[in-house]
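Q: There's a structure below that I have some questions on.
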Amino acid sequence: MAKETVKIPDLGGGSVDVIEVCVAVGDVVAKEDSLVVLESDKASMEIPSPMAGKVLSISLKEGGTVEAGDVILELEVETKAEAKEEATPAASAAPEKTAPVAEPAQPAKQEKGSAREMIKVPDVGSSDGIDVIEVCVAVGDVISEGDSLVVLESDKASMEVPSPFSGKITKIVMKVGDSAKLGAEIAEIEREVAAADVSEAKAVVAEAPAKEAAQPAPVSAAPAAKPEPTVTSHADVYAGPAVRKLAREFGLELEQMVGTGPKARILKEDVQQFVKDLAKGKGAGATIGGAGLPSIPDVDFSQFGEIDIQARTKLHKLTAANMHRSWMNLPHVTQFDEVDIGELEDFRSGLKREAEQRGVKLTPLPFLLKAAAVALREHPKFNASLSADGENMVYKKYIHIGIAVDTPAGLMVPVIRDVDKKSLWELAAETAELAKKAKERKLKPADMQGGCFTISSLGSIGGTGFTPIINAPEVAIMGVSKLAIKPVWNGSEFEPRKMLPVSLSYDHRALNGVDAGQFFTFMGELLADIRRLLL
Ligand code: CAO
């Protein structure tokens, strides 16, 4: 067993904050395991262990500051021989040096007072390629020294490579998705130089490759190179590179998250919680809601007066989730109409006595069900669903219609099967039975499945029209409002007619306005003259 001291590597100058100590005394770490996370206003980096071993002591603490050469911890390593092999931890741990290396473009082209330089990837402390996740400049951009050229990201570090010169970008070689290695060409820049300096510029670029070969690490020695290492793309957000990478993989902005670590640092757990909240449709950290929408603020209403908080039923919450899902996924269009159902109403009143004898209540709803069934049969596009991937329309050969039923526990939609094959009496009886079952919470899941279309009737309550939300994956829903006697022009005079306000919401991915117009006009004709139901 041997004891090895692991120190802070050369960070390119200056002190940095210790944001996180990733290990504890007694931990057994593997080579490359993160020991600490450091962050400056320019950099965010994890310092990997240069060797495997057991942590004997830790010399840093979160919240402190460190600089190159400071002791991180002591490790007990297995054998002396192994320890010797890796005896210069600080050097091998040197992770992120991003100062770019300037070299002439091939062939180098110089104009009077200007010089073109090809900027290359500096030593980033890794022999493996690092992903190029962003190219920050475009050809023609005039940039200043220190402006970011590209953003590189590994699982250990996130860094921007700054330009060593001010000038105009004349060519971009690197692209997003490339794997950047030391010396890879990033972009060519045309920089202004005084006439007297043109030759000096030549000398600078001529020297650069030799410096690279002889001394790859201390890039601060390269002319005009900026030594700052890992500049992050979210400079105002505290988060380690692994967390930044995780967030980027999910396509999330760190600015949306609330950090629970020291100095409000965003931890891996914060990203995971944020994703969980998004999946549940909750606003993560109360900052945003599902689908990236701003969430409704959480208000303490008691500050304005007395309140009473009551838990919502499972059914209420389920209905809310279904409504939200449909509203967010389906582009809804709602069409309104008024149907003259005077004759239907006359017919219905004439059947009142017979209905009583049969023990059923004949409301307008069975007529609406029957008319909808005929309209669905004649307009199959409405008796269909879009496949989940949007590739196919699924046309149904059966006509099952759901009816929205209000219950004390919440909204339920039992389904009446084969509406087209049932009589008005049967439909009236079945509607009443299903509504009763719904109110008594006796519906089985099968009673609420298989619907092709839904009718939501608020006719007994009131209103002149509303926009019902489609019961996806159905493609349309009909809303029924309260019958009203209205003056209708019959060609020579106004006549009092019983007008039923109806609305039709449809999924505009599956149906268009003409479809809806034809379907609803047809249905209106059926209701206006119920003899047509027999045709
Ligand atoms: N205009 C005027 N009166 C109407 C009417 C209309 N469009 N529709 C029904 N009525 C009358 C009925 O004729 C009946 O009158 P009588 O008692 O004089 O005979 C009365 O209103 C009550 O009808 P009902 O509600 O008992 O029966 P229904 O067949 O119309 O509806 C049901 C049954 C289960 C759909 C209904 O009880 C219900 O729950 N509706 C709410 C649906 C709902 O919540 N929709 C919203 C969903 S989206 O949030």
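Each chain in the structure tokens gets a letter, A, B, ..., in the order shown, and its residues are numbered from 1; ligands are numbered from 1 in order too.
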Quick one: residues within 8 Å of ligand 1, with only C-alpha atoms and all ligand atoms, as a ChimeraX atom specification?
A: /A:361-366,403-407,411,428,431-432,434-436,456-462,468-469,479-484,500-501
Q: What parts of range 352-406 of chain A does DSSP call strand (DSSP E or B)? I'd like the answer as a list in words.
A: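 Across range 352-406 of chain A, those assigned strand (DSSP E or B) are Ala384, Ser385, Leu386, Met393, Val394, Tyr395, Ile401, Gly402, Ile403, Val405 and Asp406 of chain A.
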Q: Selection from above, C-alpha atoms, as an mmCIF file, in the first residue's frame, can you write it?
A:
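Written out: selection.cif:
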data_model
loop_
_atom_site.group_PDB
_atom_site.id
_atom_site.type_symbol
_atom_site.label_atom_id
_atom_site.label_comp_id
_atom_site.auth_asym_id
_atom_site.auth_seq_id
_atom_site.Cartn_x
_atom_site.Cartn_y
_atom_site.Cartn_z
ATOM 1 C CA ALA A 384 -62.532 7.204 -37.295
ATOM 2 C CA SER A 385 -59.358 7.773 -35.313
ATOM 3 C CA LEU A 386 -55.890 8.855 -36.291
ATOM 4 C CA MET A 393 -56.763 6.773 -40.385
ATOM 5 C CA VAL A 394 -58.571 3.939 -38.640
ATOM 6 C CA TYR A 395 -62.175 3.722 -39.895
ATOM 7 C CA ILE A 401 -71.337 6.767 -29.033
ATOM 8 C CA GLY A 402 -70.305 8.122 -25.633
ATOM 9 C CA ILE A 403 -72.496 10.427 -23.580
ATOM 10 C CA VAL A 405 -72.619 12.310 -17.689
ATOM 11 C CA ASP A 406 -72.167 14.676 -14.802
#
Q: Kindly give the distance, in Å, that separates CA of Gly517 in chain A and CA of Gln335 in chain A, rounded to a single decimal.
A: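 Pair CA of Gly517 in chain A / CA of Gln335 in chain A returns 7.9 Å.
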